[in-house]
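coords31.txt follows; it contains compact mmCIF, C-alpha atoms.
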```
# COMPACT_ATOMS: atom_id res chain seq x y z
CA MET D 1092 2.52 -31.31 83.85
CA THR D 1093 -0.76 -29.94 85.15
CA LYS D 1094 -3.29 -32.50 86.18
CA VAL D 1095 -6.84 -31.88 84.95
CA VAL D 1096 -9.49 -32.91 87.42
CA GLN D 1097 -13.22 -32.99 86.78
CA MET D 1098 -15.23 -31.60 89.65
CA ALA D 1099 -18.42 -33.42 90.50
CA GLU D 1100 -20.89 -33.78 93.33
CA LYS D 1101 -24.01 -35.77 94.12
CA ASN D 1102 -27.17 -33.83 94.05
CA SER D 1103 -30.12 -34.46 96.39
CA SER D 1104 -31.41 -37.23 94.10
CA GLY D 1105 -28.07 -39.03 94.30
CA VAL D 1106 -27.12 -38.26 90.68
CA VAL D 1107 -23.52 -37.20 90.14
CA GLU D 1108 -23.32 -33.86 88.33
CA THR D 1109 -20.27 -32.18 86.93
CA PHE D 1110 -19.84 -28.55 87.91
CA TYR D 1111 -17.48 -25.77 87.08
CA PRO D 1112 -16.46 -23.39 89.77
CA MET D 1113 -16.78 -19.66 89.06
CA ALA D 1114 -13.95 -17.25 89.53
CA HIS D 1115 -13.23 -13.63 88.77
CA ALA D 1116 -10.68 -13.00 85.94
CA GLU D 1117 -8.68 -10.88 88.35
CA GLY D 1118 -8.50 -13.84 90.62
CA ILE D 1119 -6.62 -15.96 88.06
CA VAL D 1120 -2.95 -15.13 88.08
CA ALA D 1121 -1.73 -13.45 84.82
CA LEU D 1122 -4.91 -14.35 82.89
CA ARG D 1123 -5.32 -10.90 81.35
CA GLU D 1124 -1.67 -10.74 80.20
CA THR D 1125 -1.75 -14.32 78.85
CA VAL D 1126 -4.92 -13.74 76.81
CA ALA D 1127 -3.60 -10.40 75.50
CA LYS D 1128 -0.36 -12.05 74.39
CA ILE D 1129 -2.28 -14.83 72.56
CA PHE D 1130 -4.37 -12.25 70.68
CA GLU D 1131 -1.26 -10.25 69.83
CA GLU D 1132 0.47 -13.32 68.40
CA THR D 1133 -2.51 -14.64 66.44
CA THR D 1134 -4.22 -11.42 65.29
CA LEU D 1135 -2.63 -8.85 63.04
CA SER D 1136 -3.48 -5.33 63.90
CA VAL D 1137 -3.83 -3.11 60.82
CA SER D 1138 -4.15 0.62 61.06
CA ALA D 1139 -6.55 2.60 58.85
CA SER D 1140 -3.64 4.10 56.87
CA GLU D 1141 -2.09 0.65 56.36
CA LYS D 1142 -5.44 -0.69 55.17
CA ALA D 1143 -5.84 2.25 52.74
CA ALA D 1144 -2.30 1.71 51.41
CA TRP D 1145 -2.99 -1.99 50.94
CA ASN D 1146 -6.29 -1.34 49.11
CA ALA D 1147 -4.50 1.13 46.80
CA LYS D 1148 -2.01 -1.52 45.62
CA GLU D 1149 -2.18 -2.88 42.07
CA THR D 1150 -4.78 -5.55 41.44
CA THR D 1151 -4.21 -8.55 39.19
CA ALA D 1152 -6.73 -7.19 36.70
CA GLY D 1153 -5.11 -3.75 36.74
CA ALA D 1154 -1.63 -5.21 36.24
CA GLN D 1155 -2.89 -7.40 33.37
CA ALA D 1156 -4.54 -4.40 31.70
CA LYS D 1157 -1.26 -2.46 31.90
CA ALA D 1158 0.71 -5.43 30.56
CA ASP D 1159 -1.76 -5.86 27.67
CA ALA D 1160 -1.53 -2.15 26.82
CA ALA D 1161 2.29 -2.26 26.88
CA LEU D 1162 2.31 -5.33 24.64
CA ALA D 1163 -0.06 -3.70 22.15
CA ALA D 1164 2.08 -0.54 22.08
CA ALA D 1165 5.27 -2.58 21.56
CA LYS D 1166 3.68 -4.57 18.72
CA ALA D 1167 2.42 -1.39 17.06
CA PHE D 1168 5.88 0.17 17.31
CA THR D 1169 7.79 -2.84 15.94
CA ASP D 1170 5.22 -3.46 13.20
CA ALA D 1171 5.56 0.15 12.07
CA TYR D 1172 9.35 0.21 12.52
CA PHE D 1173 10.05 -2.98 10.57
CA LYS D 1174 7.32 -2.57 7.95
CA GLU D 1175 8.86 -2.79 4.52
CA LYS D 1176 8.00 -0.26 1.85
CA ASN D 1177 7.79 -1.55 -1.71
CA ILE D 1178 9.63 0.81 -4.08
CA TRP D 1179 9.49 -1.15 -7.33
CA ASP D 1180 7.58 -4.16 -8.56
CA GLY D 1181 7.86 -5.13 -12.22
CA ALA D 1182 10.67 -6.07 -14.58
CA THR D 1183 13.47 -3.76 -15.65
CA TYR D 1184 17.04 -4.11 -16.85
CA PHE D 1185 17.64 -1.31 -14.34
CA LEU D 1186 19.56 1.25 -16.38
CA SER D 1187 21.22 4.47 -15.16
CA SER D 1188 18.00 6.30 -16.10
CA HIS D 1189 16.07 4.16 -13.61
CA THR D 1190 16.12 5.68 -10.15
CA PHE D 1191 13.70 4.69 -7.44
CA THR D 1192 13.35 6.84 -4.31
CA TRP D 1193 12.00 6.67 -0.77
CA ASN D 1194 11.93 8.86 2.30
CA LEU D 1195 14.97 8.80 4.57
CA GLU D 1196 12.87 7.72 7.59
CA ASP D 1197 11.78 4.60 5.65
CA LEU D 1198 15.34 3.26 5.57
CA LYS D 1199 15.77 1.67 8.98
CA GLN D 1200 17.62 -1.59 8.26
CA GLY D 1201 18.52 -1.67 4.58
CA VAL D 1202 17.34 -2.38 1.02
CA PHE D 1203 16.20 -5.66 -0.52
CA VAL D 1204 16.64 -6.17 -4.26
CA GLU D 1205 15.06 -9.14 -6.05
CA MET D 1206 16.25 -10.34 -9.44
CA GLN D 1207 14.92 -13.10 -11.66
CA ARG D 1208 15.60 -14.64 -15.03
CA TYR D 1209 14.56 -12.53 -17.99
CA LEU D 1210 14.21 -13.29 -21.70
CA VAL D 1211 14.32 -10.47 -24.21
CA GLY D 1212 10.99 -10.33 -26.00
CA THR D 1213 9.28 -12.50 -23.36
CA GLY D 1214 9.94 -10.66 -20.09
CA ALA D 1215 10.38 -11.94 -16.54
CA LEU D 1216 10.38 -15.73 -16.41
CA GLY D 1217 9.35 -16.27 -12.77
CA TYR D 1218 12.32 -18.46 -11.79
CA GLY D 1219 16.04 -18.18 -11.16
CA TYR D 1220 15.46 -15.71 -8.34
CA HIS D 1221 18.27 -14.01 -6.48
CA VAL D 1222 17.54 -11.83 -3.45
CA PHE D 1223 20.04 -9.36 -2.02
CA PHE D 1224 20.01 -7.34 1.19
CA ILE D 1225 22.20 -4.25 1.41
CA PRO D 1226 22.48 -3.03 5.03
CA LYS D 1227 21.84 0.62 5.86
CA LYS D 1228 25.29 0.91 7.43
CA PHE D 1229 26.94 -0.14 4.15
CA ILE D 1230 24.76 2.27 2.15
CA LEU D 1231 25.65 5.21 4.41
CA LYS D 1232 29.35 4.31 4.38
CA ASN D 1233 29.51 3.92 0.56
CA PRO D 1234 26.96 6.31 -0.95
CA ASN D 1235 26.48 6.16 -4.72
CA LYS D 1236 29.26 3.61 -5.27
CA ALA D 1237 28.85 0.71 -7.67
CA TYR D 1238 27.54 -2.45 -6.01
CA TYR D 1239 27.37 -5.73 -7.94
CA LEU D 1240 24.47 -8.11 -7.48
CA MET D 1241 26.15 -11.33 -8.59
CA THR D 1242 24.20 -14.30 -9.91
CA THR D 1243 25.11 -17.96 -9.99
CA ASP D 1244 24.90 -17.83 -13.79
CA THR D 1245 27.99 -19.47 -15.35
CA ALA D 1246 28.14 -16.64 -17.90
CA GLY D 1247 28.84 -14.16 -15.07
CA ALA D 1248 25.57 -12.20 -15.23
CA LYS D 1249 25.25 -9.45 -12.64
CA LYS D 1250 23.41 -6.22 -12.01
CA THR D 1251 25.21 -3.02 -11.06
CA ILE D 1252 23.42 -0.65 -8.70
CA ARG D 1253 24.22 2.53 -6.81
CA LEU D 1254 22.56 3.38 -3.51
CA THR D 1255 22.17 6.47 -1.35
CA SER D 1256 20.13 6.81 1.82
CA THR D 1257 17.07 7.71 -0.32
CA THR D 1258 17.69 6.26 -3.82
CA ILE D 1259 18.66 3.21 -5.82
CA THR D 1260 19.88 3.66 -9.41
CA GLY D 1261 20.81 1.15 -12.09
CA ASP D 1262 23.64 1.13 -14.63
CA ASP D 1263 23.62 1.03 -18.44
CA SER D 1264 25.78 -2.12 -18.40
CA ASN D 1265 22.75 -3.99 -17.00
CA SER D 1266 21.27 -4.23 -20.52
CA ASP D 1267 24.44 -5.80 -21.98
CA SER D 1268 24.82 -9.55 -22.44
CA PRO D 1269 25.04 -11.64 -20.25
CA HIS D 1270 23.59 -9.20 -17.65
CA ASN D 1271 20.34 -8.80 -19.63
CA ALA D 1272 19.47 -12.44 -18.84
CA TYR D 1273 18.20 -11.09 -15.47
CA CYS D 1274 15.88 -8.26 -14.53
CA VAL D 1275 15.30 -6.39 -11.29
CA SER D 1276 11.77 -7.36 -10.31
CA ASN D 1277 11.32 -5.99 -6.80
CA VAL D 1278 12.95 -3.37 -4.57
CA PHE D 1279 11.84 -2.55 -1.05
CA VAL D 1280 13.29 -0.82 1.97
CA ILE D 1281 12.97 -1.91 5.55
```

Could you take the file, read its structure, and then write that structure out as structure tokens?
Amino acid sequence: MTKVVQMAEKNSSGVVETFYPMAHAEGIVALRETVAKIFEETTLSVSASEKAAWNAKETTAGAQAKADAALAAAKAFTDAYFKEKNIWDGATYFLSSHTFTWNLEDLKQGVFVEMQRYLVGTGALGYGYHVFFIPKKFILKNPNKAYYLMTTDTAGAKKTIRLTSTTITGDDSNSDSPHNAYCVSNVFVI
């Protein structure tokens, strides 16, 4: 290990003063190379093109703005895509003369049909609801075929419907007893 020695001398007054000898940098062996190596190891050199490329990189604020815009676009798309379209709202036995229509592009997932208890002379009773979902795939595979919406009624009440990709139609048997104890009160596509 190198020994460090403080250099001192007495001045004319007899006081001991520390002094540092002067030397030329060229006189110290390998000083220039040693200092250059230290700077190289501790200082990163960045070229102008590297600095420009770095400054052009995405900022946190810019990335957040892009993420927010993508989220808003995704929400707008899914809200529009999955928005249901109400086709019928009321109370009907749903006979063969009752056909409700929609545009083909509105049918993305399927059709919901809501039924509720019904009393002749009184109308929809607001209870005893049954809700049915008929998937688009089933509708396309079985166009205009009879589909029974079965209730839990012990008398065996049901509604018969026929579906295409753009229509839902009832059946005259829907007004017969015991099927007339229910009405179709809501139809919507999603």

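Restricting the calculation to only C-alpha atoms, the smallest distance between Thr1257 (chain D) and any of D:Asp1159, D:Glu1108, D:Glu1205, D:Asp1197 is found for D:Asp1197.
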
Exercise for the section: Calculate how many Å separate CA of Gly1261 (chain D) from CA of Thr1213 (chain D), rounding to one decimal. Expected result: 21.1 Å

Exercise for the section: Skip region 1216-1222 of chain D itself and residues of its chain fewer than 5 positions away, then list as a PyMOL selection string all residues within 10 Å of it, counting all atoms listed in the file. Expected result: chain D and resi 1182+1203-1210+1240-1244+1272-1278

Practice task
May I ask for the distance between CA of Ile1178 (chain D) and CA of Val1202 (chain D), given in Å to one decimal place?
Solution key: 9.8 Å

Exercise for the section: Using only C-alpha atoms, pick whichever of D:Thr1255, D:Thr1183, D:Gln1155, D:Gln1200 has the shortest atom-to-atom distance to His1270 (chain D). Expected result: D:Thr1183

Practice task
Find the residues around Asp1262 (chain D) up to 12 Å (only C-alpha atoms counted), leave out those fewer than 2 positions away in its own chain, and share them as a ChimeraX atom specification.
Solution key: /D:1183-1190,1235-1240,1249-1254,1259-1260,1264-1267,1270-1271,1275

Start from the incomplete input, build all heavy atoms for region 1212-1223 of chain D, and deliver everything as a CSV table (one decimal), in the frame of the given file.
```csv
chain,number,residue,atom,x,y,z
D,1212,GLY,N,12.2,-10.0,-25.2
D,1212,GLY,CA,11.0,-10.3,-26.0
D,1212,GLY,C,9.9,-11.1,-25.3
D,1212,GLY,O,8.8,-11.1,-25.7
D,1213,THR,N,10.3,-11.7,-24.2
D,1213,THR,CA,9.3,-12.5,-23.4
D,1213,THR,C,9.0,-11.8,-22.0
D,1213,THR,O,7.9,-11.6,-21.6
D,1213,THR,CB,9.8,-13.9,-23.1
D,1213,THR,OG1,10.0,-14.6,-24.3
D,1213,THR,CG2,8.8,-14.7,-22.3
D,1214,GLY,N,10.1,-11.4,-21.4
D,1214,GLY,CA,9.9,-10.7,-20.1
D,1214,GLY,C,10.4,-11.5,-18.9
D,1214,GLY,O,11.2,-12.5,-19.1
D,1215,ALA,N,10.0,-11.2,-17.7
D,1215,ALA,CA,10.4,-11.9,-16.5
D,1215,ALA,C,9.9,-13.4,-16.6
D,1215,ALA,O,8.7,-13.6,-17.0
D,1215,ALA,CB,9.8,-11.2,-15.3
D,1216,LEU,N,10.7,-14.3,-16.3
D,1216,LEU,CA,10.4,-15.7,-16.4
D,1216,LEU,C,9.8,-16.4,-15.2
D,1216,LEU,O,9.4,-17.5,-15.2
D,1216,LEU,CB,11.6,-16.5,-16.9
D,1216,LEU,CG,12.1,-16.0,-18.3
D,1216,LEU,CD1,13.4,-16.8,-18.6
D,1216,LEU,CD2,11.1,-16.2,-19.4
D,1217,GLY,N,9.9,-15.7,-14.0
D,1217,GLY,CA,9.4,-16.3,-12.8
D,1217,GLY,C,10.2,-17.4,-12.1
D,1217,GLY,O,9.6,-18.2,-11.4
D,1218,TYR,N,11.4,-17.5,-12.4
D,1218,TYR,CA,12.3,-18.5,-11.8
D,1218,TYR,C,13.7,-17.9,-11.8
D,1218,TYR,O,14.0,-16.8,-12.3
D,1218,TYR,CB,12.3,-19.8,-12.5
D,1218,TYR,CG,12.8,-19.9,-13.9
D,1218,TYR,CD1,14.2,-20.1,-14.1
D,1218,TYR,CD2,12.0,-19.7,-15.0
D,1218,TYR,CE1,14.7,-20.2,-15.4
D,1218,TYR,CE2,12.5,-19.7,-16.3
D,1218,TYR,CZ,13.9,-20.0,-16.5
D,1218,TYR,OH,14.4,-20.0,-17.7
D,1219,GLY,N,14.7,-18.6,-11.2
D,1219,GLY,CA,16.0,-18.2,-11.2
D,1219,GLY,C,16.2,-16.9,-10.3
D,1219,GLY,O,17.0,-16.1,-10.6
D,1220,TYR,N,15.4,-16.9,-9.2
D,1220,TYR,CA,15.5,-15.7,-8.3
D,1220,TYR,C,16.8,-15.6,-7.6
D,1220,TYR,O,17.4,-16.6,-7.2
D,1220,TYR,CB,14.3,-15.8,-7.3
D,1220,TYR,CG,13.0,-15.5,-7.9
D,1220,TYR,CD1,12.1,-16.6,-8.3
D,1220,TYR,CD2,12.5,-14.2,-8.1
D,1220,TYR,CE1,10.9,-16.3,-8.9
D,1220,TYR,CE2,11.2,-14.0,-8.6
D,1220,TYR,CZ,10.4,-15.0,-9.0
D,1220,TYR,OH,9.2,-14.8,-9.5
D,1221,HIS,N,17.2,-14.4,-7.4
D,1221,HIS,CA,18.3,-14.0,-6.5
D,1221,HIS,C,17.8,-12.8,-5.6
D,1221,HIS,O,17.2,-11.9,-6.2
D,1221,HIS,CB,19.5,-13.6,-7.3
D,1221,HIS,CG,20.2,-14.7,-8.0
D,1221,HIS,ND1,19.7,-15.2,-9.1
D,1221,HIS,CD2,21.3,-15.4,-7.7
D,1221,HIS,CE1,20.5,-16.2,-9.5
D,1221,HIS,NE2,21.5,-16.3,-8.7
D,1222,VAL,N,18.0,-12.9,-4.3
D,1222,VAL,CA,17.5,-11.8,-3.4
D,1222,VAL,C,18.8,-11.3,-2.7
D,1222,VAL,O,19.5,-12.1,-2.1
D,1222,VAL,CB,16.5,-12.3,-2.5
D,1222,VAL,CG1,16.0,-11.2,-1.5
D,1222,VAL,CG2,15.3,-12.9,-3.2
D,1223,PHE,N,18.9,-10.0,-2.7
D,1223,PHE,CA,20.0,-9.4,-2.0
D,1223,PHE,C,19.6,-8.4,-1.0
D,1223,PHE,O,18.6,-7.7,-1.2
D,1223,PHE,CB,20.9,-8.6,-3.1
D,1223,PHE,CG,21.4,-9.5,-4.2
D,1223,PHE,CD1,20.6,-9.7,-5.3
D,1223,PHE,CD2,22.6,-10.2,-4.1
D,1223,PHE,CE1,21.0,-10.5,-6.3
D,1223,PHE,CE2,23.0,-11.0,-5.1
D,1223,PHE,CZ,22.3,-11.1,-6.2
```
